[in-house]
file upload-v9.cif (mmCIF, C-alpha atoms)
data_run
#
loop_
_atom_site.label_atom_id
_atom_site.label_comp_id
_atom_site.auth_asym_id
_atom_site.auth_seq_id
_atom_site.Cartn_x
_atom_site.Cartn_y
_atom_site.Cartn_z
CA MET A 22 0.00 0.00 0.00
CA ILE A 23 1.17 3.49 -0.74
CA ASN A 24 0.92 6.13 1.94
CA ASP A 25 1.06 3.62 4.68
CA SER A 26 1.60 6.11 7.48
CA GLU A 27 4.71 4.29 8.75
CA ALA A 28 6.48 4.60 5.40
CA PRO A 29 8.46 7.72 4.50
CA VAL A 30 6.56 9.71 1.91
CA THR A 31 7.98 11.49 -1.09
CA PRO A 32 6.05 12.83 -4.06
CA VAL A 33 6.62 11.19 -7.45
CA GLU A 34 9.40 13.12 -9.17
CA ALA A 35 9.21 15.45 -12.17
CA PHE A 36 9.92 13.43 -15.32
CA GLU A 37 11.09 14.79 -18.65
CA PRO A 38 7.97 15.91 -20.59
CA PRO A 39 5.99 14.79 -22.41
CA TYR A 40 4.31 12.25 -20.16
CA TYR A 41 0.75 11.78 -18.92
CA VAL A 42 -1.07 12.30 -15.65
CA ALA A 43 -4.40 10.68 -14.82
CA VAL A 44 -5.94 12.76 -12.02
CA PHE A 45 -8.70 10.86 -10.20
CA THR A 46 -10.59 12.82 -7.54
CA THR A 47 -13.09 10.96 -5.37
CA VAL A 48 -15.62 11.20 -2.58
CA ARG A 49 -16.40 7.83 -1.08
CA THR A 50 -19.64 6.37 0.26
CA GLN A 51 -20.13 4.73 3.64
CA GLU A 52 -19.92 1.32 1.92
CA GLN A 53 -16.21 0.54 1.77
CA SER A 54 -16.25 -3.24 2.07
CA GLY A 55 -13.50 -4.66 -0.17
CA TYR A 56 -12.17 -1.23 -1.13
CA ARG A 57 -8.75 -1.48 0.50
CA GLU A 58 -8.00 -4.90 -0.91
CA THR A 59 -9.06 -3.90 -4.41
CA ASN A 60 -7.09 -0.66 -4.20
CA ALA A 61 -3.95 -2.55 -3.16
CA ARG A 62 -4.48 -5.04 -5.98
CA MET A 63 -4.84 -2.19 -8.52
CA GLU A 64 -1.63 -0.59 -7.26
CA ASP A 65 0.15 -3.88 -7.87
CA LEU A 66 -1.42 -4.44 -11.29
CA VAL A 67 -0.67 -0.99 -12.67
CA LYS A 68 3.04 -1.46 -11.94
CA ASP A 69 3.12 -4.15 -14.66
CA ILE A 70 1.98 -1.74 -17.37
CA PRO A 71 4.93 -0.83 -19.66
CA GLY A 72 5.30 2.95 -19.41
CA TYR A 73 3.88 3.18 -15.88
CA LEU A 74 5.94 5.82 -14.04
CA GLY A 75 4.40 6.11 -10.59
CA ILE A 76 1.42 7.00 -8.44
CA ASP A 77 0.66 9.64 -5.79
CA HIS A 78 -2.26 9.44 -3.41
CA ALA A 79 -3.64 11.75 -0.73
CA GLN A 80 -6.81 11.34 1.32
CA THR A 81 -8.40 13.94 3.54
CA PRO A 82 -10.13 11.99 6.33
CA GLY A 83 -13.87 12.12 5.63
CA GLY A 84 -13.22 14.30 2.61
CA LEU A 85 -11.67 14.29 -0.82
CA GLY A 86 -9.27 11.67 -2.12
CA ILE A 87 -6.90 12.40 -5.01
CA THR A 88 -4.92 9.76 -6.88
CA VAL A 89 -2.52 10.80 -9.63
CA GLY A 90 -1.13 8.12 -11.94
CA TYR A 91 1.90 8.94 -14.10
CA PHE A 92 2.40 7.25 -17.50
CA ARG A 93 4.99 7.68 -20.23
CA ASP A 94 2.55 7.76 -23.15
CA GLY A 95 -0.97 7.22 -24.42
CA GLU A 96 -0.22 3.57 -25.12
CA ALA A 97 0.46 2.91 -21.44
CA LEU A 98 -2.76 4.70 -20.48
CA ALA A 99 -4.77 2.74 -23.03
CA GLN A 100 -3.40 -0.53 -21.75
CA TRP A 101 -4.32 0.34 -18.17
CA ARG A 102 -7.75 1.60 -19.22
CA GLY A 103 -8.42 -1.67 -21.06
CA ASN A 104 -7.26 -4.01 -18.27
CA ALA A 105 -10.17 -6.34 -17.47
CA GLU A 106 -9.55 -6.51 -13.73
CA HIS A 107 -9.24 -2.71 -13.61
CA ARG A 108 -12.55 -2.34 -15.47
CA ALA A 109 -14.28 -4.66 -13.03
CA ALA A 110 -12.89 -2.62 -10.13
CA GLN A 111 -14.17 0.60 -11.73
CA GLN A 112 -17.63 -0.89 -12.05
CA ARG A 113 -17.63 -1.97 -8.42
CA GLY A 114 -16.49 1.54 -7.51
CA ARG A 115 -19.53 3.05 -9.22
CA ASP A 116 -21.84 0.45 -7.67
CA GLU A 117 -20.55 0.69 -4.11
CA TRP A 118 -17.57 2.82 -3.15
CA TYR A 119 -17.86 6.23 -4.82
CA GLU A 120 -20.34 8.96 -4.12
CA SER A 121 -18.75 10.96 -6.92
CA TYR A 122 -15.53 11.11 -8.88
CA THR A 123 -13.87 12.97 -11.72
CA LEU A 124 -11.08 11.77 -14.01
CA HIS A 125 -8.86 14.21 -15.91
CA VAL A 126 -6.31 12.73 -18.33
CA ALA A 127 -3.67 15.24 -19.35
CA LYS A 128 -0.35 15.50 -21.18
CA VAL A 129 2.40 17.12 -19.10
CA GLU A 130 4.08 20.07 -20.78
CA ARG A 131 6.39 21.14 -17.96
CA SER A 132 7.33 20.00 -14.50
CA HIS A 133 9.81 20.64 -11.77
CA GLY A 134 10.60 19.48 -8.30
CA PHE A 135 12.10 20.70 -5.05
CA ARG A 136 13.87 18.72 -2.34
CA ARG A 137 15.11 20.35 0.84
CA ALA A 138 18.90 20.22 1.07
CA MET B 121 -10.70 27.35 3.23
CA ILE B 122 -11.47 24.42 0.97
CA ASN B 123 -11.95 21.00 2.47
CA ASP B 124 -12.99 22.37 5.77
CA SER B 125 -14.20 19.09 7.22
CA GLU B 126 -17.64 20.52 8.06
CA ALA B 127 -18.31 21.50 4.45
CA PRO B 128 -19.79 19.02 1.97
CA VAL B 129 -17.07 17.95 -0.44
CA THR B 130 -17.41 17.36 -4.16
CA PRO B 131 -14.60 17.00 -6.66
CA VAL B 132 -14.19 19.71 -9.29
CA GLU B 133 -16.18 18.63 -12.33
CA ALA B 134 -14.97 17.45 -15.72
CA PHE B 135 -14.79 20.44 -18.06
CA GLU B 136 -14.81 20.35 -21.84
CA PRO B 137 -11.20 19.80 -23.01
CA PRO B 138 -8.82 21.34 -23.63
CA TYR B 139 -8.04 22.87 -20.25
CA TYR B 140 -5.07 22.70 -17.92
CA VAL B 141 -4.32 21.00 -14.62
CA ALA B 142 -1.49 22.08 -12.32
CA VAL B 143 -0.76 19.10 -10.06
CA PHE B 144 1.18 20.12 -6.95
CA THR B 145 2.29 17.27 -4.66
CA THR B 146 3.89 18.16 -1.34
CA VAL B 147 5.46 16.85 1.83
CA ARG B 148 5.53 19.47 4.56
CA THR B 149 8.11 20.21 7.22
CA GLN B 150 7.46 20.56 10.95
CA GLU B 151 7.59 24.36 10.49
CA GLN B 152 4.07 25.37 9.49
CA SER B 153 3.81 28.80 11.04
CA GLY B 154 1.80 31.03 8.69
CA TYR B 155 1.01 28.21 6.27
CA ARG B 156 -2.75 28.08 6.78
CA GLU B 157 -3.22 31.82 6.44
CA THR B 158 -1.08 32.01 3.32
CA ASN B 159 -2.82 29.02 1.79
CA ALA B 160 -6.23 30.59 2.40
CA ARG B 161 -5.00 33.85 0.88
CA MET B 162 -3.72 32.04 -2.22
CA GLU B 163 -7.07 30.28 -2.63
CA ASP B 164 -8.77 33.67 -2.60
CA LEU B 165 -6.24 35.26 -4.97
CA VAL B 166 -6.35 32.54 -7.60
CA LYS B 167 -10.12 32.92 -7.94
CA ASP B 168 -9.50 36.37 -9.46
CA ILE B 169 -7.46 34.96 -12.35
CA PRO B 170 -9.51 35.02 -15.58
CA GLY B 171 -9.75 31.41 -16.75
CA TYR B 172 -9.44 29.93 -13.25
CA LEU B 173 -11.82 26.94 -13.14
CA GLY B 174 -11.39 25.44 -9.70
CA ILE B 175 -9.17 23.70 -7.17
CA ASP B 176 -9.12 20.31 -5.47
CA HIS B 177 -7.08 19.51 -2.38
CA ALA B 178 -6.47 16.36 -0.35
CA GLN B 179 -4.10 15.89 2.57
CA THR B 180 -3.13 12.60 4.15
CA PRO B 181 -2.45 13.40 7.84
CA GLY B 182 1.31 13.32 8.30
CA GLY B 183 1.75 12.32 4.67
CA LEU B 184 1.33 13.57 1.15
CA GLY B 185 -0.70 16.61 0.14
CA ILE B 186 -2.03 17.02 -3.38
CA THR B 187 -3.47 20.24 -4.77
CA VAL B 188 -4.86 20.33 -8.30
CA GLY B 189 -5.61 23.69 -9.89
CA TYR B 190 -7.79 23.82 -13.01
CA PHE B 191 -7.33 26.57 -15.62
CA ARG B 192 -8.94 27.21 -18.98
CA ASP B 193 -5.73 28.01 -20.86
CA GLY B 194 -2.02 28.77 -20.76
CA GLU B 195 -2.72 32.48 -20.37
CA ALA B 196 -4.52 31.88 -17.07
CA LEU B 197 -1.65 29.70 -15.84
CA ALA B 198 0.93 32.31 -16.85
CA GLN B 199 -0.96 35.01 -15.00
CA TRP B 200 -1.12 32.92 -11.84
CA ARG B 201 2.54 31.93 -12.15
CA GLY B 202 3.55 35.59 -12.47
CA ASN B 203 1.47 36.90 -9.55
CA ALA B 204 3.86 38.67 -7.16
CA GLU B 205 2.12 37.59 -3.97
CA HIS B 206 2.00 34.01 -5.24
CA ARG B 207 5.73 34.10 -6.00
CA ALA B 208 6.50 35.36 -2.52
CA ALA B 209 4.40 32.53 -1.05
CA GLN B 210 6.29 29.98 -3.18
CA GLN B 211 9.60 31.30 -1.89
CA ARG B 212 8.42 31.10 1.70
CA GLY B 213 7.25 27.55 0.97
CA ARG B 214 10.74 26.54 -0.13
CA ASP B 215 12.31 28.34 2.83
CA GLU B 216 10.00 26.98 5.53
CA TRP B 217 6.99 24.81 4.76
CA TYR B 218 7.97 22.16 2.20
CA GLU B 219 10.28 19.22 2.67
CA SER B 220 9.73 18.38 -0.99
CA TYR B 221 7.28 19.06 -3.77
CA THR B 222 6.68 18.35 -7.42
CA LEU B 223 4.68 20.42 -9.91
CA HIS B 224 3.29 18.87 -13.10
CA VAL B 225 1.52 21.23 -15.55
CA ALA B 226 -0.55 19.37 -18.12
CA LYS B 227 -3.13 19.90 -20.85
CA VAL B 228 -6.28 17.85 -20.38
CA GLU B 229 -7.21 15.71 -23.38
CA ARG B 230 -10.21 13.88 -21.93
CA SER B 231 -12.22 13.86 -18.75
CA HIS B 232 -15.38 12.46 -17.30
CA GLY B 233 -17.27 12.43 -14.06
CA PHE B 234 -19.63 10.27 -12.05
CA ARG B 235 -22.26 11.31 -9.53
CA ARG B 236 -24.35 8.78 -7.62
CA ALA B 237 -28.02 9.06 -8.54
#
call {"tool": "encode", "arguments": {"input": "upload-v9.cif", "output": "structure tokens"}}
result
Amino acid sequence: MINDSEAPVTPVEAFEPPYYVAVFTTVRTQEQSGYRETNARMEDLVKDIPGYLGIDHAQTPGGLGITVGYFRDGEALAQWRGNAEHRAAQQRGRDEWYESYTLHVAKVERSHGFRRA
Amino acid sequence: MINDSEAPVTPVEAFEPPYYVAVFTTVRTQEQSGYRETNARMEDLVKDIPGYLGIDHAQTPGGLGITVGYFRDGEALAQWRGNAEHRAAQQRGRDEWYESYTLHVAKVERSHGFRRA
């Protein structure tokens, strides 16, 4: 699991553009049975996609969740989008786990990072 | 303040592409004096930028923060990037508040949303 609170946290780095971000913003329902397991499984699965670069996740308790997936190109995104197990998880998300969500898929034009010395 | 835990939360909607996302991922230091006030001020300021569409924010307690700003075009982004008060806040962020951060600026190619009936 990412963002396990015991693990040190660092944001995914700035890659050389162009690359893609998939920004997934969510509000969850009260019905979260199976969510954690499925989420962990998705985080494992996506790592096998050629061109997968990383994932960031933040969750305000009782509020908004944001997951950002980073991919090298449209091919990588298409492969993840078409993954059968991922599609089943998305359907279950709409049926049970999400009150609302938005997905924005975007091509990165510039990026930079900062790390304290 | 956005994501005040008493307020109902909904993700920013899916706009008609193209538009821009500025994805800002952060890990904060122990030194957070003045952060909340400055953050609230920035959220007010950015609303005055023509072409500003919205902002999403999520914060894992003790972990990663993700802020996503939505802008209609590059002109809006440039205006926000050049804002003097914003630049001063960024400098203070590097000096005091941020252990590390990454900024990814990207042009949205597709988007969609879901709201529970």
call {"tool": "residues_around", "arguments": {"input": "upload-v9.cif", "residues": "Ala35 (chain A)", "least_positions_apart": "6", "cutoff": "10 Å", "atoms": "only C-alpha atoms", "output": "list in words"}}
result
Tyr91, Val129, Arg131, Ser132, His133, Gly134 and Phe135 of chain A; Tyr221, Thr222, Leu223 and His224 of chain B
call {"tool": "closest_residue", "arguments": {"input": "upload-v9.cif", "among": "A:Ser54, A:Thr81, A:Asn60, A:Thr88", "to": "chain B", "atoms": "all atoms listed in the file"}}
result
A:Thr81
call {"tool": "calpha_fit_and_write", "arguments": {"input": "upload-v9.cif", "fixed": "chain A", "moving": "chain B", "output": "PDB file with C-alpha atoms, keeping the file's coordinate frame"}}
result
ATOM      1  CA  MET B 121      -0.123  -0.029   0.048  1.00  0.00           C
ATOM      2  CA  ILE B 122       1.142   3.445  -0.738  1.00  0.00           C
ATOM      3  CA  ASN B 123       0.954   6.125   1.900  1.00  0.00           C
ATOM      4  CA  ASP B 124       1.007   3.665   4.692  1.00  0.00           C
ATOM      5  CA  SER B 125       1.536   6.190   7.461  1.00  0.00           C
ATOM      6  CA  GLU B 126       4.626   4.373   8.778  1.00  0.00           C
ATOM      7  CA  ALA B 127       6.421   4.635   5.438  1.00  0.00           C
ATOM      8  CA  PRO B 128       8.452   7.721   4.522  1.00  0.00           C
ATOM      9  CA  VAL B 129       6.546   9.691   1.906  1.00  0.00           C
ATOM     10  CA  THR B 130       7.976  11.483  -1.101  1.00  0.00           C
ATOM     11  CA  PRO B 131       6.050  12.821  -4.064  1.00  0.00           C
ATOM     12  CA  VAL B 132       6.612  11.186  -7.446  1.00  0.00           C
ATOM     13  CA  GLU B 133       9.375  13.117  -9.179  1.00  0.00           C
ATOM     14  CA  ALA B 134       9.199  15.438 -12.167  1.00  0.00           C
ATOM     15  CA  PHE B 135       9.905  13.429 -15.316  1.00  0.00           C
ATOM     16  CA  GLU B 136      11.076  14.790 -18.644  1.00  0.00           C
ATOM     17  CA  PRO B 137       7.973  15.901 -20.603  1.00  0.00           C
ATOM     18  CA  PRO B 138       5.984  14.795 -22.403  1.00  0.00           C
ATOM     19  CA  TYR B 139       4.291  12.259 -20.150  1.00  0.00           C
ATOM     20  CA  TYR B 140       0.746  11.796 -18.927  1.00  0.00           C
ATOM     21  CA  VAL B 141      -1.069  12.320 -15.645  1.00  0.00           C
ATOM     22  CA  ALA B 142      -4.404  10.684 -14.828  1.00  0.00           C
ATOM     23  CA  VAL B 143      -5.950  12.761 -12.032  1.00  0.00           C
ATOM     24  CA  PHE B 144      -8.691  10.859 -10.202  1.00  0.00           C
ATOM     25  CA  THR B 145     -10.601  12.825  -7.540  1.00  0.00           C
ATOM     26  CA  THR B 146     -13.089  10.956  -5.375  1.00  0.00           C
ATOM     27  CA  VAL B 147     -15.623  11.202  -2.591  1.00  0.00           C
ATOM     28  CA  ARG B 148     -16.383   7.822  -1.068  1.00  0.00           C
ATOM     29  CA  THR B 149     -19.609   6.371   0.261  1.00  0.00           C
ATOM     30  CA  GLN B 150     -20.113   4.746   3.661  1.00  0.00           C
ATOM     31  CA  GLU B 151     -19.891   1.338   1.928  1.00  0.00           C
ATOM     32  CA  GLN B 152     -16.184   0.533   1.773  1.00  0.00           C
ATOM     33  CA  SER B 153     -16.226  -3.228   2.072  1.00  0.00           C
ATOM     34  CA  GLY B 154     -13.476  -4.641  -0.159  1.00  0.00           C
ATOM     35  CA  TYR B 155     -12.137  -1.217  -1.118  1.00  0.00           C
ATOM     36  CA  ARG B 156      -8.726  -1.475   0.530  1.00  0.00           C
ATOM     37  CA  GLU B 157      -7.973  -4.900  -0.893  1.00  0.00           C
ATOM     38  CA  THR B 158      -9.042  -3.907  -4.389  1.00  0.00           C
ATOM     39  CA  ASN B 159      -7.082  -0.676  -4.208  1.00  0.00           C
ATOM     40  CA  ALA B 160      -3.942  -2.546  -3.153  1.00  0.00           C
ATOM     41  CA  ARG B 161      -4.470  -5.028  -5.984  1.00  0.00           C
ATOM     42  CA  MET B 162      -4.836  -2.209  -8.523  1.00  0.00           C
ATOM     43  CA  GLU B 163      -1.621  -0.602  -7.268  1.00  0.00           C
ATOM     44  CA  ASP B 164       0.169  -3.891  -7.868  1.00  0.00           C
ATOM     45  CA  LEU B 165      -1.425  -4.445 -11.288  1.00  0.00           C
ATOM     46  CA  VAL B 166      -0.663  -1.007 -12.676  1.00  0.00           C
ATOM     47  CA  LYS B 167       3.045  -1.457 -11.954  1.00  0.00           C
ATOM     48  CA  ASP B 168       3.108  -4.151 -14.663  1.00  0.00           C
ATOM     49  CA  ILE B 169       1.977  -1.737 -17.383  1.00  0.00           C
ATOM     50  CA  PRO B 170       4.917  -0.816 -19.651  1.00  0.00           C
ATOM     51  CA  GLY B 171       5.308   2.958 -19.399  1.00  0.00           C
ATOM     52  CA  TYR B 172       3.862   3.183 -15.878  1.00  0.00           C
ATOM     53  CA  LEU B 173       5.929   5.824 -14.042  1.00  0.00           C
ATOM     54  CA  GLY B 174       4.386   6.095 -10.604  1.00  0.00           C
ATOM     55  CA  ILE B 175       1.408   6.998  -8.443  1.00  0.00           C
ATOM     56  CA  ASP B 176       0.657   9.612  -5.799  1.00  0.00           C
ATOM     57  CA  HIS B 177      -2.271   9.432  -3.402  1.00  0.00           C
ATOM     58  CA  ALA B 178      -3.643  11.740  -0.717  1.00  0.00           C
ATOM     59  CA  GLN B 179      -6.814  11.326   1.316  1.00  0.00           C
ATOM     60  CA  THR B 180      -8.398  13.937   3.538  1.00  0.00           C
ATOM     61  CA  PRO B 181     -10.130  11.977   6.344  1.00  0.00           C
ATOM     62  CA  GLY B 182     -13.849  12.104   5.630  1.00  0.00           C
ATOM     63  CA  GLY B 183     -13.210  14.294   2.603  1.00  0.00           C
ATOM     64  CA  LEU B 184     -11.666  14.286  -0.824  1.00  0.00           C
ATOM     65  CA  GLY B 185      -9.263  11.658  -2.130  1.00  0.00           C
ATOM     66  CA  ILE B 186      -6.900  12.389  -4.995  1.00  0.00           C
ATOM     67  CA  THR B 187      -4.932   9.753  -6.880  1.00  0.00           C
ATOM     68  CA  VAL B 188      -2.525  10.784  -9.628  1.00  0.00           C
ATOM     69  CA  GLY B 189      -1.144   8.123 -11.949  1.00  0.00           C
ATOM     70  CA  TYR B 190       1.890   8.934 -14.104  1.00  0.00           C
ATOM     71  CA  PHE B 191       2.400   7.258 -17.497  1.00  0.00           C
ATOM     72  CA  ARG B 192       4.993   7.702 -20.212  1.00  0.00           C
ATOM     73  CA  ASP B 193       2.560   7.763 -23.137  1.00  0.00           C
ATOM     74  CA  GLY B 194      -0.955   7.220 -24.439  1.00  0.00           C
ATOM     75  CA  GLU B 195      -0.209   3.564 -25.132  1.00  0.00           C
ATOM     76  CA  ALA B 196       0.460   2.914 -21.442  1.00  0.00           C
ATOM     77  CA  LEU B 197      -2.762   4.705 -20.488  1.00  0.00           C
ATOM     78  CA  ALA B 198      -4.764   2.737 -23.058  1.00  0.00           C
ATOM     79  CA  GLN B 199      -3.388  -0.530 -21.746  1.00  0.00           C
ATOM     80  CA  TRP B 200      -4.316   0.358 -18.178  1.00  0.00           C
ATOM     81  CA  ARG B 201      -7.753   1.595 -19.238  1.00  0.00           C
ATOM     82  CA  GLY B 202      -8.417  -1.680 -21.069  1.00  0.00           C
ATOM     83  CA  ASN B 203      -7.263  -4.012 -18.277  1.00  0.00           C
ATOM     84  CA  ALA B 204     -10.170  -6.351 -17.479  1.00  0.00           C
ATOM     85  CA  GLU B 205      -9.551  -6.510 -13.742  1.00  0.00           C
ATOM     86  CA  HIS B 206      -9.242  -2.724 -13.626  1.00  0.00           C
ATOM     87  CA  ARG B 207     -12.550  -2.345 -15.473  1.00  0.00           C
ATOM     88  CA  ALA B 208     -14.278  -4.662 -13.037  1.00  0.00           C
ATOM     89  CA  ALA B 209     -12.885  -2.616 -10.130  1.00  0.00           C
ATOM     90  CA  GLN B 210     -14.168   0.604 -11.742  1.00  0.00           C
ATOM     91  CA  GLN B 211     -17.637  -0.889 -12.052  1.00  0.00           C
ATOM     92  CA  ARG B 212     -17.625  -1.979  -8.428  1.00  0.00           C
ATOM     93  CA  GLY B 213     -16.482   1.538  -7.520  1.00  0.00           C
ATOM     94  CA  ARG B 214     -19.517   3.052  -9.225  1.00  0.00           C
ATOM     95  CA  ASP B 215     -21.818   0.447  -7.679  1.00  0.00           C
ATOM     96  CA  GLU B 216     -20.522   0.685  -4.110  1.00  0.00           C
ATOM     97  CA  TRP B 217     -17.543   2.818  -3.141  1.00  0.00           C
ATOM     98  CA  TYR B 218     -17.834   6.227  -4.824  1.00  0.00           C
ATOM     99  CA  GLU B 219     -20.333   8.958  -4.118  1.00  0.00           C
ATOM    100  CA  SER B 220     -18.735  10.954  -6.924  1.00  0.00           C
ATOM    101  CA  TYR B 221     -15.519  11.118  -8.879  1.00  0.00           C
ATOM    102  CA  THR B 222     -13.871  12.985 -11.704  1.00  0.00           C
ATOM    103  CA  LEU B 223     -11.096  11.771 -14.008  1.00  0.00           C
ATOM    104  CA  HIS B 224      -8.882  14.228 -15.899  1.00  0.00           C
ATOM    105  CA  VAL B 225      -6.322  12.741 -18.336  1.00  0.00           C
ATOM    106  CA  ALA B 226      -3.669  15.242 -19.362  1.00  0.00           C
ATOM    107  CA  LYS B 227      -0.353  15.524 -21.182  1.00  0.00           C
ATOM    108  CA  VAL B 228       2.387  17.117 -19.107  1.00  0.00           C
ATOM    109  CA  GLU B 229       4.073  20.090 -20.770  1.00  0.00           C
ATOM    110  CA  ARG B 230       6.381  21.154 -17.943  1.00  0.00           C
ATOM    111  CA  SER B 231       7.318  19.987 -14.492  1.00  0.00           C
ATOM    112  CA  HIS B 232       9.802  20.638 -11.761  1.00  0.00           C
ATOM    113  CA  GLY B 233      10.605  19.467  -8.290  1.00  0.00           C
ATOM    114  CA  PHE B 234      12.117  20.687  -5.049  1.00  0.00           C
ATOM    115  CA  ARG B 235      13.902  18.713  -2.353  1.00  0.00           C
ATOM    116  CA  ARG B 236      15.167  20.330   0.841  1.00  0.00           C
ATOM    117  CA  ALA B 237      18.952  20.175   1.050  1.00  0.00           C
TER     118      ALA B 237
END
call {"tool": "resolve_selection", "arguments": {"input": "upload-v9.cif", "expression": "the PyMOL selection byres ((chain A) within 8 of (chain B))", "output": "ChimeraX atom specification"}}
result
/A:24,26,30-35,41-42,46-48,77-87,115,119-137
call {"tool": "atom_distance", "arguments": {"input": "upload-v9.cif", "atom1": "CA of Arg148 (chain B)", "atom2": "CA of Gly213 (chain B)"}}
result
9.0 Å
call {"tool": "resolve_selection", "arguments": {"input": "upload-v9.cif", "expression": "the PyMOL selection byres ((chain B and resi 166) around 12)", "output": "PyMOL selection string"}}
result
chain B and resi 159-165+167-175+189-191+196-206
call {"tool": "atom_distance", "arguments": {"input": "upload-v9.cif", "atom1": "CA of Arg57 (chain A)", "atom2": "CA of Gln150 (chain B)"}}
result
29.3 Å
call {"tool": "atom_distance", "arguments": {"input": "upload-v9.cif", "atom1": "CA of Glu195 (chain B)", "atom2": "CA of Arg212 (chain B)"}}
result
24.8 Å
call {"tool": "build_atoms", "arguments": {"input": "upload-v9.cif", "residues": "region 131-145 of chain B", "atoms": "N, CA, C and O atoms", "output": "PDB file, in the coordinates of the input"}}
result
ATOM      1  N   PRO B 131     -15.749  16.721  -5.805  1.00  0.00           N
ATOM      2  CA  PRO B 131     -14.600  17.000  -6.660  1.00  0.00           C
ATOM      3  C   PRO B 131     -14.980  18.046  -7.704  1.00  0.00           C
ATOM      4  O   PRO B 131     -16.139  18.135  -8.111  1.00  0.00           O
ATOM      5  N   VAL B 132     -13.996  18.819  -8.141  1.00  0.00           N
ATOM      6  CA  VAL B 132     -14.190  19.710  -9.290  1.00  0.00           C
ATOM      7  C   VAL B 132     -14.657  18.857 -10.459  1.00  0.00           C
ATOM      8  O   VAL B 132     -14.199  17.731 -10.639  1.00  0.00           O
ATOM      9  N   GLU B 133     -15.575  19.396 -11.233  1.00  0.00           N
ATOM     10  CA  GLU B 133     -16.180  18.630 -12.330  1.00  0.00           C
ATOM     11  C   GLU B 133     -15.245  18.449 -13.528  1.00  0.00           C
ATOM     12  O   GLU B 133     -14.188  19.069 -13.591  1.00  0.00           O
ATOM     13  N   ALA B 134     -15.685  17.626 -14.446  1.00  0.00           N
ATOM     14  CA  ALA B 134     -14.970  17.450 -15.720  1.00  0.00           C
ATOM     15  C   ALA B 134     -15.415  18.553 -16.673  1.00  0.00           C
ATOM     16  O   ALA B 134     -16.592  18.650 -17.006  1.00  0.00           O
ATOM     17  N   PHE B 135     -14.475  19.380 -17.104  1.00  0.00           N
ATOM     18  CA  PHE B 135     -14.790  20.440 -18.060  1.00  0.00           C
ATOM     19  C   PHE B 135     -14.583  19.916 -19.475  1.00  0.00           C
ATOM     20  O   PHE B 135     -14.036  18.826 -19.680  1.00  0.00           O
ATOM     21  N   GLU B 136     -15.019  20.702 -20.443  1.00  0.00           N
ATOM     22  CA  GLU B 136     -14.810  20.350 -21.840  1.00  0.00           C
ATOM     23  C   GLU B 136     -13.338  20.604 -22.186  1.00  0.00           C
ATOM     24  O   GLU B 136     -12.866  21.726 -22.044  1.00  0.00           O
ATOM     25  N   PRO B 137     -12.590  19.575 -22.627  1.00  0.00           N
ATOM     26  CA  PRO B 137     -11.200  19.800 -23.010  1.00  0.00           C
ATOM     27  C   PRO B 137     -11.128  20.663 -24.272  1.00  0.00           C
ATOM     28  O   PRO B 137     -12.099  20.666 -25.052  1.00  0.00           O
ATOM     29  N   PRO B 138     -10.000  21.360 -24.477  1.00  0.00           N
ATOM     30  CA  PRO B 138      -8.820  21.340 -23.630  1.00  0.00           C
ATOM     31  C   PRO B 138      -8.911  22.321 -22.465  1.00  0.00           C
ATOM     32  O   PRO B 138      -9.537  23.367 -22.581  1.00  0.00           O
ATOM     33  N   TYR B 139      -8.299  21.954 -21.362  1.00  0.00           N
ATOM     34  CA  TYR B 139      -8.040  22.870 -20.250  1.00  0.00           C
ATOM     35  C   TYR B 139      -6.782  22.356 -19.560  1.00  0.00           C
ATOM     36  O   TYR B 139      -6.207  21.338 -19.994  1.00  0.00           O
ATOM     37  N   TYR B 140      -6.328  23.070 -18.551  1.00  0.00           N
ATOM     38  CA  TYR B 140      -5.070  22.700 -17.920  1.00  0.00           C
ATOM     39  C   TYR B 140      -5.275  22.271 -16.463  1.00  0.00           C
ATOM     40  O   TYR B 140      -6.155  22.797 -15.771  1.00  0.00           O
ATOM     41  N   VAL B 141      -4.432  21.330 -16.040  1.00  0.00           N
ATOM     42  CA  VAL B 141      -4.320  21.000 -14.620  1.00  0.00           C
ATOM     43  C   VAL B 141      -2.892  21.324 -14.167  1.00  0.00           C
ATOM     44  O   VAL B 141      -1.932  21.072 -14.891  1.00  0.00           O
ATOM     45  N   ALA B 142      -2.773  21.905 -12.985  1.00  0.00           N
ATOM     46  CA  ALA B 142      -1.490  22.080 -12.320  1.00  0.00           C
ATOM     47  C   ALA B 142      -1.526  21.185 -11.085  1.00  0.00           C
ATOM     48  O   ALA B 142      -2.297  21.437 -10.146  1.00  0.00           O
ATOM     49  N   VAL B 143      -0.758  20.097 -11.130  1.00  0.00           N
ATOM     50  CA  VAL B 143      -0.760  19.100 -10.060  1.00  0.00           C
ATOM     51  C   VAL B 143       0.431  19.367  -9.153  1.00  0.00           C
ATOM     52  O   VAL B 143       1.586  19.277  -9.593  1.00  0.00           O
ATOM     53  N   PHE B 144       0.149  19.708  -7.900  1.00  0.00           N
ATOM     54  CA  PHE B 144       1.180  20.120  -6.950  1.00  0.00           C
ATOM     55  C   PHE B 144       1.157  19.128  -5.792  1.00  0.00           C
ATOM     56  O   PHE B 144       0.187  19.072  -5.029  1.00  0.00           O
ATOM     57  N   THR B 145       2.219  18.318  -5.682  1.00  0.00           N
ATOM     58  CA  THR B 145       2.290  17.270  -4.660  1.00  0.00           C
ATOM     59  C   THR B 145       3.350  17.657  -3.634  1.00  0.00           C
ATOM     60  O   THR B 145       4.466  18.029  -4.004  1.00  0.00           O
TER      61      THR B 145
END
